[in-house]
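Raw entry-v6.txt, compact mmCIF, C-alpha atoms and all ligand atoms:
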```
# COMPACT_ATOMS: atom_id res chain seq x y z
CA MET P 1 -20.97 -2.46 -37.88
CA ASP P 2 -18.90 0.66 -38.15
CA PHE P 3 -15.15 0.28 -37.90
CA THR P 4 -14.15 3.86 -38.56
CA LEU P 5 -12.73 6.09 -35.87
CA ASN P 6 -15.03 9.02 -35.22
CA SER P 7 -13.90 12.54 -36.11
CA ASP P 8 -12.78 13.27 -32.53
CA GLN P 9 -10.67 10.12 -32.46
CA VAL P 10 -9.11 10.97 -35.80
CA ALA P 11 -8.29 14.44 -34.44
CA ILE P 12 -6.78 12.92 -31.27
CA ARG P 13 -4.65 10.54 -33.32
CA GLU P 14 -3.43 13.32 -35.61
CA THR P 15 -2.57 15.52 -32.61
CA VAL P 16 -0.55 12.75 -30.98
CA LYS P 17 1.14 11.91 -34.28
CA ALA P 18 2.13 15.55 -34.73
CA MET P 19 3.40 15.75 -31.16
CA MET P 20 5.49 12.64 -31.61
CA THR P 21 7.43 14.19 -34.50
CA ASP P 22 9.31 16.09 -31.78
CA PHE P 23 10.37 12.71 -30.36
CA PRO P 24 11.79 10.74 -33.27
CA ASP P 25 13.46 7.32 -33.13
CA ASP P 26 16.85 8.84 -32.30
CA TYR P 27 15.37 10.41 -29.15
CA TRP P 28 14.18 7.02 -27.91
CA THR P 29 17.39 5.25 -28.84
CA GLN P 30 19.37 7.83 -26.86
CA LYS P 31 17.04 7.46 -23.86
CA ASP P 32 17.33 3.69 -24.08
CA ARG P 33 21.13 3.81 -24.36
CA ASP P 34 21.54 6.31 -21.50
CA LYS P 35 18.82 4.72 -19.33
CA GLU P 36 17.20 8.12 -18.98
CA PHE P 37 13.52 8.77 -18.27
CA PRO P 38 11.94 10.67 -21.21
CA TRP P 39 11.07 13.80 -19.24
CA GLU P 40 10.67 16.05 -22.29
CA PHE P 41 8.12 13.68 -23.81
CA TYR P 42 6.35 13.20 -20.49
CA ARG P 43 6.06 16.97 -19.96
CA ALA P 44 4.80 17.63 -23.49
CA PHE P 45 2.26 14.86 -23.12
CA ALA P 46 1.02 16.13 -19.76
CA ASP P 47 0.86 19.73 -21.02
CA ALA P 48 -1.30 18.59 -23.94
CA GLY P 49 -3.77 17.20 -21.37
CA PHE P 50 -3.43 13.58 -22.39
CA LEU P 51 -2.62 12.18 -18.95
CA GLY P 52 -6.21 12.86 -17.92
CA ILE P 53 -7.81 11.43 -21.02
CA ILE P 54 -9.97 8.88 -19.19
CA MET P 55 -10.04 10.63 -15.81
CA PRO P 56 -13.37 12.15 -14.77
CA GLU P 57 -13.89 15.78 -15.82
CA LYS P 58 -14.68 16.65 -12.21
CA TYR P 59 -10.99 16.28 -11.34
CA GLY P 60 -9.68 17.99 -14.46
CA GLY P 61 -9.67 15.02 -16.80
CA SER P 62 -11.32 14.69 -20.20
CA GLY P 63 -13.67 11.84 -19.27
CA LEU P 64 -13.15 10.11 -22.61
CA SER P 65 -13.51 6.43 -23.43
CA LEU P 66 -11.08 3.53 -23.30
CA THR P 67 -11.08 3.49 -27.10
CA ASP P 68 -9.90 7.12 -27.07
CA ALA P 69 -7.06 6.22 -24.70
CA CYS P 70 -6.18 3.29 -26.96
CA VAL P 71 -6.00 5.64 -29.94
CA VAL P 72 -3.56 7.85 -28.02
CA LEU P 73 -1.31 5.04 -26.80
CA SER P 74 -1.17 3.23 -30.14
CA ALA P 75 -0.21 6.49 -31.85
CA ILE P 76 2.67 6.75 -29.35
CA THR P 77 4.01 3.25 -29.96
CA GLU P 78 3.45 3.52 -33.72
CA SER P 79 5.65 6.62 -33.85
CA GLY P 80 8.62 4.44 -32.91
CA ALA P 81 8.51 5.39 -29.23
CA GLY P 82 7.42 1.84 -28.50
CA LEU P 83 7.16 0.68 -24.92
CA SER P 84 9.56 3.34 -23.72
CA GLY P 85 6.98 5.94 -24.72
CA CYS P 86 3.83 4.27 -23.50
CA THR P 87 5.25 2.96 -20.22
CA ALA P 88 6.39 6.45 -19.30
CA VAL P 89 2.74 7.53 -19.19
CA HIS P 90 0.83 4.29 -18.69
CA VAL P 91 0.28 4.39 -14.94
CA SER P 92 -0.75 8.04 -14.98
CA ILE P 93 -3.26 7.46 -17.78
CA PHE P 94 -4.72 4.24 -16.68
CA GLY P 95 -3.03 2.58 -13.70
CA LEU P 96 -4.92 4.56 -11.09
CA THR P 97 -8.32 3.30 -12.14
CA PRO P 98 -8.75 1.58 -8.74
CA ILE P 99 -8.55 5.04 -7.11
CA ILE P 100 -11.05 6.46 -9.58
CA LYS P 101 -13.48 3.60 -9.02
CA PHE P 102 -12.96 2.70 -5.38
CA GLY P 103 -11.00 5.54 -3.74
CA SER P 104 -12.56 8.01 -1.33
CA GLU P 105 -13.71 11.40 -2.56
CA GLN P 106 -10.99 13.03 -0.48
CA MET P 107 -8.34 10.87 -2.10
CA LYS P 108 -9.56 11.63 -5.61
CA GLU P 109 -9.67 15.37 -4.94
CA LYS P 110 -6.20 15.32 -3.47
CA TYR P 111 -4.36 13.20 -6.01
CA LEU P 112 -6.10 13.02 -9.39
CA PRO P 113 -5.61 16.68 -10.40
CA GLN P 114 -1.88 16.38 -9.64
CA ILE P 115 -1.61 13.18 -11.65
CA ILE P 116 -3.46 14.77 -14.57
CA SER P 117 -1.20 17.84 -14.56
CA GLY P 118 1.82 15.55 -14.55
CA ASP P 119 3.16 16.93 -11.26
CA LEU P 120 2.63 13.76 -9.25
CA HIS P 121 4.22 10.55 -10.44
CA ALA P 122 2.95 7.15 -9.50
CA CYS P 123 4.01 3.56 -10.01
CA PHE P 124 2.36 0.23 -9.46
CA GLY P 125 3.72 -2.33 -7.00
CA VAL P 126 2.22 -5.79 -7.13
CA THR P 127 4.87 -8.32 -8.18
CA GLU P 128 7.24 -9.74 -5.57
CA PRO P 129 10.26 -12.01 -5.92
CA ASP P 130 8.18 -15.01 -4.81
CA ALA P 131 4.81 -13.85 -6.08
CA GLY P 132 4.43 -13.04 -9.75
CA THR P 133 1.49 -14.57 -11.49
CA ASP P 134 0.28 -16.06 -8.22
CA THR P 135 -0.44 -12.69 -6.67
CA THR P 136 -2.12 -14.21 -3.65
CA ARG P 137 1.33 -15.26 -2.36
CA ILE P 138 2.51 -11.70 -1.77
CA ARG P 139 4.20 -11.15 1.55
CA THR P 140 4.51 -7.39 1.78
CA SER P 141 2.52 -6.70 4.90
CA ALA P 142 0.61 -3.68 6.15
CA LEU P 143 -0.14 -3.82 9.85
CA LYS P 144 -2.53 -1.44 11.51
CA ASP P 145 -1.02 1.01 14.03
CA GLY P 146 -3.63 3.53 15.17
CA ASN P 147 -4.78 5.38 12.06
CA ASP P 148 -1.77 4.24 10.04
CA TYR P 149 -0.52 1.11 8.39
CA ILE P 150 3.08 0.05 8.75
CA VAL P 151 4.39 -1.52 5.58
CA ASN P 152 7.26 -4.02 5.39
CA GLY P 153 8.33 -6.15 2.47
CA GLN P 154 9.77 -6.17 -1.00
CA LYS P 155 8.40 -5.65 -4.47
CA VAL P 156 10.13 -6.39 -7.73
CA TRP P 157 9.81 -5.02 -11.25
CA THR P 158 8.07 -1.83 -10.08
CA SER P 159 8.38 0.30 -13.23
CA LYS P 160 9.03 4.03 -12.86
CA ALA P 161 9.68 3.68 -9.10
CA LEU P 162 12.73 5.94 -9.38
CA GLU P 163 10.68 8.86 -10.70
CA SER P 164 7.58 8.34 -8.56
CA GLU P 165 6.46 9.97 -5.34
CA LYS P 166 3.61 7.49 -4.91
CA CYS P 167 3.04 3.79 -5.41
CA LEU P 168 -0.25 1.98 -5.73
CA LEU P 169 0.86 -0.86 -3.54
CA LEU P 170 -0.75 -4.23 -2.97
CA THR P 171 -0.19 -5.43 0.58
CA ARG P 172 -1.35 -8.28 2.81
CA THR P 173 -3.36 -7.05 5.75
CA THR P 174 -4.50 -10.53 6.77
CA PRO P 175 -2.17 -13.54 6.52
CA ILE P 176 -3.25 -15.95 3.81
CA GLU P 177 -3.68 -18.76 6.36
CA ASP P 178 -6.35 -16.71 8.15
CA CYS P 179 -8.37 -15.96 5.01
CA LYS P 180 -11.42 -17.87 3.81
CA LYS P 181 -10.31 -17.36 0.20
CA LYS P 182 -6.67 -16.77 -0.71
CA THR P 183 -7.71 -13.71 -2.71
CA ASP P 184 -9.07 -12.12 0.48
CA GLY P 185 -7.00 -10.12 2.94
CA MET P 186 -5.10 -7.94 0.48
CA THR P 187 -5.30 -4.19 0.61
CA LEU P 188 -4.33 -1.47 -1.87
CA LEU P 189 -2.50 1.52 -0.43
CA PHE P 190 -1.40 4.68 -2.20
CA ALA P 191 1.93 4.76 -0.42
CA ASP P 192 4.62 7.43 -0.36
CA ILE P 193 7.92 6.53 -1.91
CA GLN P 194 10.12 8.20 0.65
CA THR P 195 13.53 7.72 2.20
CA PRO P 196 14.74 6.18 4.38
CA GLU P 197 11.84 3.72 4.64
CA VAL P 198 11.79 2.94 0.92
CA SER P 199 14.88 1.99 -1.03
CA ILE P 200 14.98 1.36 -4.75
CA LYS P 201 17.35 -0.63 -6.93
CA PRO P 202 16.91 -0.69 -10.73
CA ILE P 203 17.06 -4.13 -12.34
CA PRO P 204 19.48 -4.37 -15.29
CA LYS P 205 17.25 -5.62 -18.09
CA MET P 206 16.94 -6.43 -21.79
CA GLY P 207 15.08 -3.41 -23.14
CA ARG P 208 12.80 -0.44 -22.54
CA GLU P 209 15.69 1.11 -20.71
CA ALA P 210 14.16 4.60 -20.73
CA VAL P 211 11.89 3.44 -17.93
CA ALA P 212 13.64 1.51 -15.19
CA SER P 213 11.93 -1.38 -13.43
CA CYS P 214 13.09 -1.79 -9.88
CA GLN P 215 13.37 -3.79 -6.75
CA VAL P 216 11.70 -1.75 -4.05
CA PHE P 217 12.25 -2.44 -0.36
CA TYR P 218 9.76 -1.22 2.26
CA ASP P 219 11.03 -1.01 5.80
CA GLY P 220 8.56 0.34 8.34
CA LEU P 221 6.83 2.75 5.95
CA ARG P 222 3.86 4.52 7.52
CA VAL P 223 0.79 4.94 5.30
CA LYS P 224 -2.22 6.88 6.49
CA GLU P 225 -5.56 5.12 6.54
CA SER P 226 -6.85 7.92 4.32
CA ASP P 227 -4.41 6.67 1.64
CA ARG P 228 -6.08 3.27 1.56
CA VAL P 229 -8.01 2.53 -1.62
CA GLY P 230 -11.51 1.34 -0.81
CA ASN P 231 -12.02 -1.27 1.87
CA GLU P 232 -9.40 -3.20 3.73
CA GLY P 233 -9.03 -6.73 2.41
CA GLU P 234 -10.54 -6.06 -1.02
CA GLY P 235 -7.46 -4.94 -2.89
CA PHE P 236 -7.27 -8.00 -5.12
CA ARG P 237 -10.82 -7.49 -6.35
CA TYR P 238 -10.03 -3.84 -7.19
CA LEU P 239 -7.00 -4.95 -9.18
CA LEU P 240 -8.96 -7.56 -11.13
CA ASP P 241 -11.46 -4.91 -12.07
CA GLY P 242 -8.83 -3.08 -14.14
CA LEU P 243 -7.28 -6.06 -15.88
CA ASN P 244 -9.49 -6.15 -18.95
CA ALA P 245 -8.89 -2.51 -19.75
CA GLU P 246 -5.14 -2.97 -19.31
CA ARG P 247 -5.09 -5.94 -21.70
CA ILE P 248 -7.05 -4.05 -24.32
CA LEU P 249 -4.73 -1.05 -24.07
CA ILE P 250 -1.70 -3.29 -24.44
CA ALA P 251 -3.20 -4.93 -27.51
CA TRP P 252 -3.55 -1.53 -29.23
CA GLU P 253 -0.06 -0.50 -28.14
CA ALA P 254 1.38 -3.75 -29.51
CA VAL P 255 -0.27 -3.27 -32.89
CA GLY P 256 1.19 0.25 -32.94
CA LEU P 257 4.72 -0.97 -32.30
CA GLY P 258 4.30 -3.78 -34.85
CA ARG P 259 3.27 -1.22 -37.46
CA ALA P 260 6.33 0.90 -36.68
CA ALA P 261 8.51 -2.17 -37.25
CA LEU P 262 6.86 -3.02 -40.57
CA ARG P 263 7.13 0.59 -41.72
CA ARG P 264 10.89 0.36 -41.29
CA ALA P 265 11.01 -3.14 -42.81
CA THR P 266 9.14 -2.15 -45.97
CA GLN P 267 11.16 1.03 -46.36
CA TYR P 268 14.42 -0.88 -46.10
CA ALA P 269 13.19 -3.64 -48.41
CA LYS P 270 12.42 -1.04 -51.07
CA GLU P 271 15.87 0.51 -50.84
CA ARG P 272 18.41 -2.21 -50.12
CA ILE P 273 19.99 -3.68 -53.28
CA VAL P 274 21.51 -7.16 -53.13
CA PHE P 275 22.51 -9.12 -56.27
CA GLY P 276 21.49 -6.10 -58.32
CA ARG P 277 17.86 -6.09 -57.17
CA LYS P 278 15.87 -4.61 -54.32
CA ILE P 279 15.54 -7.19 -51.60
CA GLY P 280 11.81 -6.39 -51.40
CA GLN P 281 11.42 -7.95 -54.88
CA ASN P 282 12.12 -11.36 -53.36
CA GLN P 283 9.13 -13.27 -52.10
CA GLY P 284 11.32 -14.66 -49.32
CA VAL P 285 11.59 -11.10 -48.03
CA GLN P 286 8.08 -9.89 -48.96
CA PHE P 287 6.04 -12.74 -47.59
CA PRO P 288 7.12 -12.57 -43.95
CA ILE P 289 6.40 -8.83 -44.00
CA ALA P 290 3.01 -9.41 -45.64
CA GLU P 291 2.14 -12.17 -43.19
CA ALA P 292 3.11 -10.04 -40.19
CA HIS P 293 0.97 -7.23 -41.60
CA ALA P 294 -2.04 -9.52 -41.97
CA LYS P 295 -1.68 -10.72 -38.38
CA LEU P 296 -1.41 -7.18 -37.04
CA GLU P 297 -4.56 -6.13 -38.90
CA ALA P 298 -6.48 -9.13 -37.56
CA ALA P 299 -5.31 -8.40 -34.03
CA GLN P 300 -6.32 -4.76 -34.41
CA LEU P 301 -9.88 -5.77 -35.30
CA VAL P 302 -10.18 -7.92 -32.19
CA ALA P 303 -8.69 -5.14 -30.05
CA GLU P 304 -11.19 -2.65 -31.48
CA LYS P 305 -14.09 -4.92 -30.72
CA ALA P 306 -12.79 -5.54 -27.18
CA ALA P 307 -12.51 -1.78 -26.56
CA TRP P 308 -15.99 -1.27 -27.99
CA GLN P 309 -17.38 -3.93 -25.65
CA TYR P 310 -15.64 -2.29 -22.68
CA ASP P 311 -16.93 1.17 -23.55
CA ASN P 312 -20.44 -0.18 -23.96
CA GLU P 313 -20.25 -1.98 -20.63
CA LEU P 314 -20.59 -5.39 -22.28
CA PRO P 315 -18.69 -8.43 -20.99
CA CYS P 316 -15.23 -8.05 -22.55
CA GLY P 317 -12.96 -10.46 -20.65
CA ASP P 318 -12.77 -13.00 -23.50
CA LEU P 319 -11.77 -10.53 -26.18
CA ALA P 320 -9.55 -8.53 -23.83
CA ASN P 321 -7.48 -11.66 -23.28
CA ILE P 322 -7.62 -12.83 -26.89
CA SER P 323 -6.62 -9.42 -28.22
CA LYS P 324 -3.68 -9.21 -25.79
CA LEU P 325 -2.45 -12.62 -26.99
CA LEU P 326 -2.93 -12.01 -30.72
CA ALA P 327 -1.59 -8.45 -30.76
CA THR P 328 1.52 -9.09 -28.70
CA GLU P 329 2.36 -12.20 -30.75
CA ALA P 330 1.78 -10.30 -33.99
CA CYS P 331 3.91 -7.44 -32.68
CA PHE P 332 6.73 -9.79 -31.74
CA GLU P 333 6.62 -11.40 -35.18
CA ALA P 334 6.61 -7.99 -36.89
CA THR P 335 9.63 -6.77 -34.97
CA ASP P 336 11.48 -10.02 -35.65
CA VAL P 337 10.68 -9.75 -39.36
CA ALA P 338 11.91 -6.15 -39.30
CA VAL P 339 15.25 -7.23 -37.83
CA GLN P 340 15.54 -10.04 -40.39
CA THR P 341 14.72 -7.76 -43.31
CA HIS P 342 17.55 -5.44 -42.30
CA GLY P 343 20.07 -8.30 -42.30
CA GLY P 344 23.14 -7.38 -40.27
CA PHE P 345 21.94 -3.82 -39.95
CA GLY P 346 18.89 -5.12 -38.12
CA TYR P 347 21.24 -5.87 -35.29
CA ALA P 348 22.65 -2.33 -35.33
CA ALA P 349 21.12 0.28 -33.03
CA GLU P 350 21.14 2.81 -35.90
CA TYR P 351 18.11 1.24 -37.58
CA HIS P 352 16.05 1.08 -34.38
CA VAL P 353 14.40 -2.27 -35.14
CA GLU P 354 16.57 -4.11 -32.61
CA ARG P 355 15.17 -1.76 -29.95
CA TYR P 356 11.62 -2.52 -31.09
CA PHE P 357 12.42 -6.25 -30.98
CA ARG P 358 13.81 -6.10 -27.44
CA GLU P 359 10.79 -4.13 -26.30
CA ALA P 360 8.21 -6.35 -27.98
CA ARG P 361 9.59 -9.40 -26.17
CA VAL P 362 8.40 -8.27 -22.77
CA TRP P 363 4.73 -8.28 -23.69
CA ARG P 364 4.86 -12.08 -24.04
CA ILE P 365 5.70 -12.16 -20.31
CA ALA P 366 4.21 -9.09 -18.67
CA PRO P 367 1.87 -7.94 -17.34
CA ILE P 368 0.51 -11.46 -17.89
CA SER P 369 2.29 -14.24 -19.72
CA GLN P 370 0.78 -15.87 -22.80
CA ASN P 371 0.40 -19.16 -20.89
CA PHE P 372 -2.07 -17.60 -18.51
CA VAL P 373 -4.03 -16.00 -21.32
CA LEU P 374 -4.24 -19.43 -22.94
CA SER P 375 -5.33 -20.88 -19.60
CA TYR P 376 -8.07 -18.25 -19.44
CA ILE P 377 -9.26 -19.17 -22.93
CA ALA P 378 -9.14 -22.89 -22.16
CA GLU P 379 -10.94 -22.60 -18.85
CA LYS P 380 -13.33 -19.67 -19.15
CA ILE P 381 -14.24 -19.87 -22.84
CA LEU P 382 -13.79 -23.53 -23.71
CA ASP P 383 -14.85 -24.89 -20.34
CA LEU P 384 -11.76 -27.08 -19.98
CA PRO P 385 -10.54 -27.95 -16.48
CA ARG P 386 -8.54 -25.32 -14.63
CA SER P 387 -4.86 -26.14 -15.11
CA TYR P 388 -3.29 -24.39 -12.14
C1 LIG J 1 9.84 -4.99 -17.89
C2 LIG J 1 8.85 -5.41 -16.85
C3 LIG J 1 8.10 -4.45 -16.22
C4 LIG J 1 7.22 -4.80 -15.19
N1 LIG J 1 6.55 -3.81 -14.52
C5 LIG J 1 5.84 -4.14 -13.42
C6 LIG J 1 5.26 -3.13 -12.59
O1 LIG J 1 5.37 -1.93 -12.88
N2 LIG J 1 4.61 -3.51 -11.46
C7 LIG J 1 4.47 -4.83 -11.09
O2 LIG J 1 3.86 -5.11 -10.08
N3 LIG J 1 4.98 -5.81 -11.88
C8 LIG J 1 5.67 -5.51 -13.01
N4 LIG J 1 6.22 -6.50 -13.79
C9 LIG J 1 6.08 -7.90 -13.37
C10 LIG J 1 5.20 -8.73 -14.29
O3 LIG J 1 3.86 -8.39 -14.11
C11 LIG J 1 5.50 -10.20 -14.00
O4 LIG J 1 6.81 -10.48 -14.49
C12 LIG J 1 4.50 -11.13 -14.60
O5 LIG J 1 3.28 -11.01 -13.95
C13 LIG J 1 4.95 -12.60 -14.53
O6 LIG J 1 5.27 -12.95 -13.21
P1 LIG J 1 6.67 -13.64 -12.88
O7 LIG J 1 7.73 -12.86 -13.57
O8 LIG J 1 6.80 -13.81 -11.43
O9 LIG J 1 6.58 -15.07 -13.57
P2 LIG J 1 6.14 -16.43 -12.84
O10 LIG J 1 4.78 -16.29 -12.26
O11 LIG J 1 7.25 -16.86 -11.95
O12 LIG J 1 6.10 -17.41 -14.09
C14 LIG J 1 7.28 -17.83 -14.76
C15 LIG J 1 6.92 -18.54 -16.06
O13 LIG J 1 6.26 -19.75 -15.78
C16 LIG J 1 5.02 -19.82 -16.43
N5 LIG J 1 4.07 -20.50 -15.53
C17 LIG J 1 4.01 -20.43 -14.17
N6 LIG J 1 3.03 -21.22 -13.70
C18 LIG J 1 2.42 -21.78 -14.76
C19 LIG J 1 1.32 -22.66 -14.94
N7 LIG J 1 0.62 -23.14 -13.92
N8 LIG J 1 0.98 -23.00 -16.20
C20 LIG J 1 1.67 -22.55 -17.25
N9 LIG J 1 2.69 -21.69 -17.15
C21 LIG J 1 3.09 -21.32 -15.94
C22 LIG J 1 4.62 -18.38 -16.70
O14 LIG J 1 3.79 -18.27 -17.84
C23 LIG J 1 5.99 -17.72 -16.94
O15 LIG J 1 6.35 -17.84 -18.29
C24 LIG J 1 7.07 -6.17 -14.84
C25 LIG J 1 7.82 -7.14 -15.51
C26 LIG J 1 8.71 -6.78 -16.49
C27 LIG J 1 9.52 -7.86 -17.16
```
Go through the file and emit its structure as structure tokens.
Ligand SMILES: Cc1cc2nc3c(=O)[nH]c(=O)nc-3n(C[C@H](O)[C@H](O)[C@H](O)COP(=O)(O)OP(=O)(O)OC[C@H]3O[C@@H](n4cnc5c(N)ncnc54)[C@H](O)[C@@H]3O)c2cc1C
Amino acid sequence: MDFTLNSDQVAIRETVKAMMTDFPDDYWTQKDRDKEFPWEFYRAFADAGFLGIIMPEKYGGSGLSLTDACVVLSAITESGAGLSGCTAVHVSIFGLTPIIKFGSEQMKEKYLPQIISGDLHACFGVTEPDAGTDTTRIRTSALKDGNDYIVNGQKVWTSKALESEKCLLLTRTTPIEDCKKKTDGMTLLFADIQTPEVSIKPIPKMGREAVASCQVFYDGLRVKESDRVGNEGEGFRYLLDGLNAERILIAWEAVGLGRAALRRATQYAKERIVFGRKIGQNQGVQFPIAEAHAKLEAAQLVAEKAAWQYDNELPCGDLANISKLLATEACFEATDVAVQTHGGFGYAAEYHVERYFREARVWRIAPISQNFVLSYIAEKILDLPRSY
């Protein structure tokens, strides 16, 4: 077994690390406070060619592996950019995989080069107010009208909707009652986000304020048939196809953010003097940091193996899920420890760890909550009865 990054991956990581020095913690805290999309970072990242890292070379991408993309995204979160950094670029890097795998040639030629150059922004609209984890209950409909679909409905939590011209949108083209399986009858459209048919309302939320997540209302939006991804009725299957890769990417990102938190915790523990001694001399301060470090390293190993399995086209669902669970829990613990180590200052925006903590929390819920990862492990790995 070889656990070292290859020389190209080391070079990629160093390039991203160097780029991120232009976007220090204060940049992200300001973006978070002002609820401002990080355009400068996004532009620099696109100009460096990273948006196309796993896109096929034919459309201007680099055609690299999932592990390479993981190296990039974890270097972003580890810099202190956290979720604000990686969510700003996530959909462009990875979210359009259904188009790459199942979209028509015409669609790929039209859109992928613009996504790679950073000129076209896209978001991802699946969740609805009454359909979160149970995606099959979505009600946003797309009805055929000649060569178009007419879309009506509402999505919720669509991240980056405000900045996007396009949304990879999951719709119902056949009512659930008329489907043999409830996962049938859903269709993915690459819809225009345009007024007046689409209206967007940001949701006030706990963290990652640099990238708004929004309610999005669709009222009679026309989408051309040529903007349909793959076959009608198979949208759910196309989504499932990308889930493992998404979970693996998140695992790497979470380890990156956890490491950023522990970097700040250890630094502070070495400097802060209380009762005439550095707080880091106390085992009560050291041990939680050490324990969080151990858990992050363990999670990283699982995430590396999961990415390796994916890149080698081996079954990777088990480790994709396990790595998502372990890494996001380890990240949450690390950010909590970082806040605790800073005492009262951990609660102050100036030390950035409260921002990390608020951001880390979301990964326990989205894109899939820990309960459903545990259900996967129970059912698919341990052969226990399905619980839902
Ligand atoms: C910041 C943020 C950004 C997001 N960005 C996007 C985006 O860009 N696009 C998009 O489509 N979606 C997005 N989401 C939505 C996200 O994917 C959902 O929140 C997530 O899938 C969970 O769905 P839900 O919120 O409806 O929870 P629900 O499905 O309502 O579940 C609520 C709680 O109940 C638990 N639960 C429910 N049923 C069971 C059961 N049978 N057994 C055990 N536990 C159960 C769940 O684990 C969860 O903790 C985002 C969410 C957030 C918070």
Requested in this report: For CA of Leu326 in chain P and CA of Leu257 in chain P, determine how far apart the two atoms are, in Å to one decimal place.
Outcome: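 So the answer is 13.5 Å.
With only C-alpha atoms and all ligand atoms as the atoms that count, the minimum distance from ligand LIG 1 (chain J) to the choices P:Leu384, P:Ala366, P:Val198, P:Leu239 is reached by P:Ala366.
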Query raised in the report: Hey, can you check how far CA of Arg264 in chain P sits from CA of Gln283 in chain P?
Result: 17.5 Å
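For the choices P:Thr173, P:Asn371, P:Thr341, P:Ser199, the atom-to-atom distance to ligand LIG 1 (chain J) is smallest for P:Asn371 when using all atoms listed in the file.
Among P:Val337, P:Ala11, P:Val255, P:Val216, the residue with the shortest atom-to-atom distance to Phe124 in chain P, counting only C-alpha atoms, is P:Val216.
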Requested in this report: Between P:Tyr111, P:Ile93, P:Leu221, P:Trp157, single out the one closest to Ser141 in chain P, counting all atoms listed in the file.
Outcome: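 Looking at the shortest contact to Ser141 in chain P, the residue is P:Leu221.
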Tell me, counting all atoms listed in the file, for each residue of chain P within 6 Å of ligand LIG 1 (chain J), which pair of atoms is nearest and how far apart they are in Å to one decimal, in rows ordered by chain and increasing number, as a tab-separated table.
```
residue	atom	partner	partner_atom	distance
P:Phe124	CA	J:LIG1	N2	4.8
P:Gly125	CA	J:LIG1	O2	4.2
P:Val126	CA	J:LIG1	O2	3.4
P:Thr127	CA	J:LIG1	O2	3.9
P:Ala131	CA	J:LIG1	O8	5.7
P:Gly132	CA	J:LIG1	O8	3.0
P:Thr133	CA	J:LIG1	O10	3.8
P:Trp157	CA	J:LIG1	C8	4.5
P:Thr158	CA	J:LIG1	O1	3.9
P:Ser159	CA	J:LIG1	O1	3.8
P:Ser213	CA	J:LIG1	C3	5.6
P:Val362	CA	J:LIG1	C27	5.7
P:Ile365	CA	J:LIG1	C13	5.8
P:Ala366	CA	J:LIG1	C10	4.5
P:Pro367	CA	J:LIG1	O3	3.8
P:Ile368	CA	J:LIG1	O5	4.8
P:Ser369	CA	J:LIG1	O14	4.7
P:Asn371	CA	J:LIG1	O14	4.6
P:Phe372	CA	J:LIG1	O14	5.9
P:Tyr388	CA	J:LIG1	N7	4.5
```
Those residues with C-alpha atoms, as a PDB file, in the frame of the given file please?
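Result went into out.pdb, see below:
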```pdb
ATOM      1  CA  PHE P 124       2.360   0.230  -9.460  1.00  0.00           C
ATOM      2  CA  GLY P 125       3.720  -2.330  -7.000  1.00  0.00           C
ATOM      3  CA  VAL P 126       2.220  -5.790  -7.130  1.00  0.00           C
ATOM      4  CA  THR P 127       4.870  -8.320  -8.180  1.00  0.00           C
ATOM      5  CA  ALA P 131       4.810 -13.850  -6.080  1.00  0.00           C
ATOM      6  CA  GLY P 132       4.430 -13.040  -9.750  1.00  0.00           C
ATOM      7  CA  THR P 133       1.490 -14.570 -11.490  1.00  0.00           C
ATOM      8  CA  TRP P 157       9.810  -5.020 -11.250  1.00  0.00           C
ATOM      9  CA  THR P 158       8.070  -1.830 -10.080  1.00  0.00           C
ATOM     10  CA  SER P 159       8.380   0.300 -13.230  1.00  0.00           C
ATOM     11  CA  SER P 213      11.930  -1.380 -13.430  1.00  0.00           C
ATOM     12  CA  VAL P 362       8.400  -8.270 -22.770  1.00  0.00           C
ATOM     13  CA  ILE P 365       5.700 -12.160 -20.310  1.00  0.00           C
ATOM     14  CA  ALA P 366       4.210  -9.090 -18.670  1.00  0.00           C
ATOM     15  CA  PRO P 367       1.870  -7.940 -17.340  1.00  0.00           C
ATOM     16  CA  ILE P 368       0.510 -11.460 -17.890  1.00  0.00           C
ATOM     17  CA  SER P 369       2.290 -14.240 -19.720  1.00  0.00           C
ATOM     18  CA  ASN P 371       0.400 -19.160 -20.890  1.00  0.00           C
ATOM     19  CA  PHE P 372      -2.070 -17.600 -18.510  1.00  0.00           C
ATOM     20  CA  TYR P 388      -3.290 -24.390 -12.140  1.00  0.00           C
TER      21      TYR P 388
END
```
Write out as a compact mmCIF listing (two decimals) with C-alpha atoms, in the coordinates of the input which residues come within 10 Å of Lys35 in chain P when counting only C-alpha atoms, dropping same-chain ones fewer than 6 positions away.
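Okay, result-v4.txt is ready:
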```txt
# COMPACT_ATOMS: atom_id res chain seq x y z
CA THR P 29 17.39 5.25 -28.84
CA PRO P 204 19.48 -4.37 -15.29
CA GLY P 207 15.08 -3.41 -23.14
CA ARG P 208 12.80 -0.44 -22.54
CA GLU P 209 15.69 1.11 -20.71
CA ALA P 210 14.16 4.60 -20.73
CA VAL P 211 11.89 3.44 -17.93
CA ALA P 212 13.64 1.51 -15.19
```
Query raised in the report: Do you know which residues are at most 10 Å from Tyr376 in chain P counting only C-alpha atoms, after dropping those on the same chain fewer than 2 positions away, and could you put them as a PyMOL selection string?
Result: chain P and resi 317-318+321-322+370-374+378-384+386-387
**Report entry** Nearby residues (all atoms listed in the file) at most 10 Å from Thr97 in chain P, same-chain spacing under 2 positions excluded, as an MDAnalysis selection string
**Finding:** chainID P and resid 54:55 91:95 99:103 238:239 241:242 245
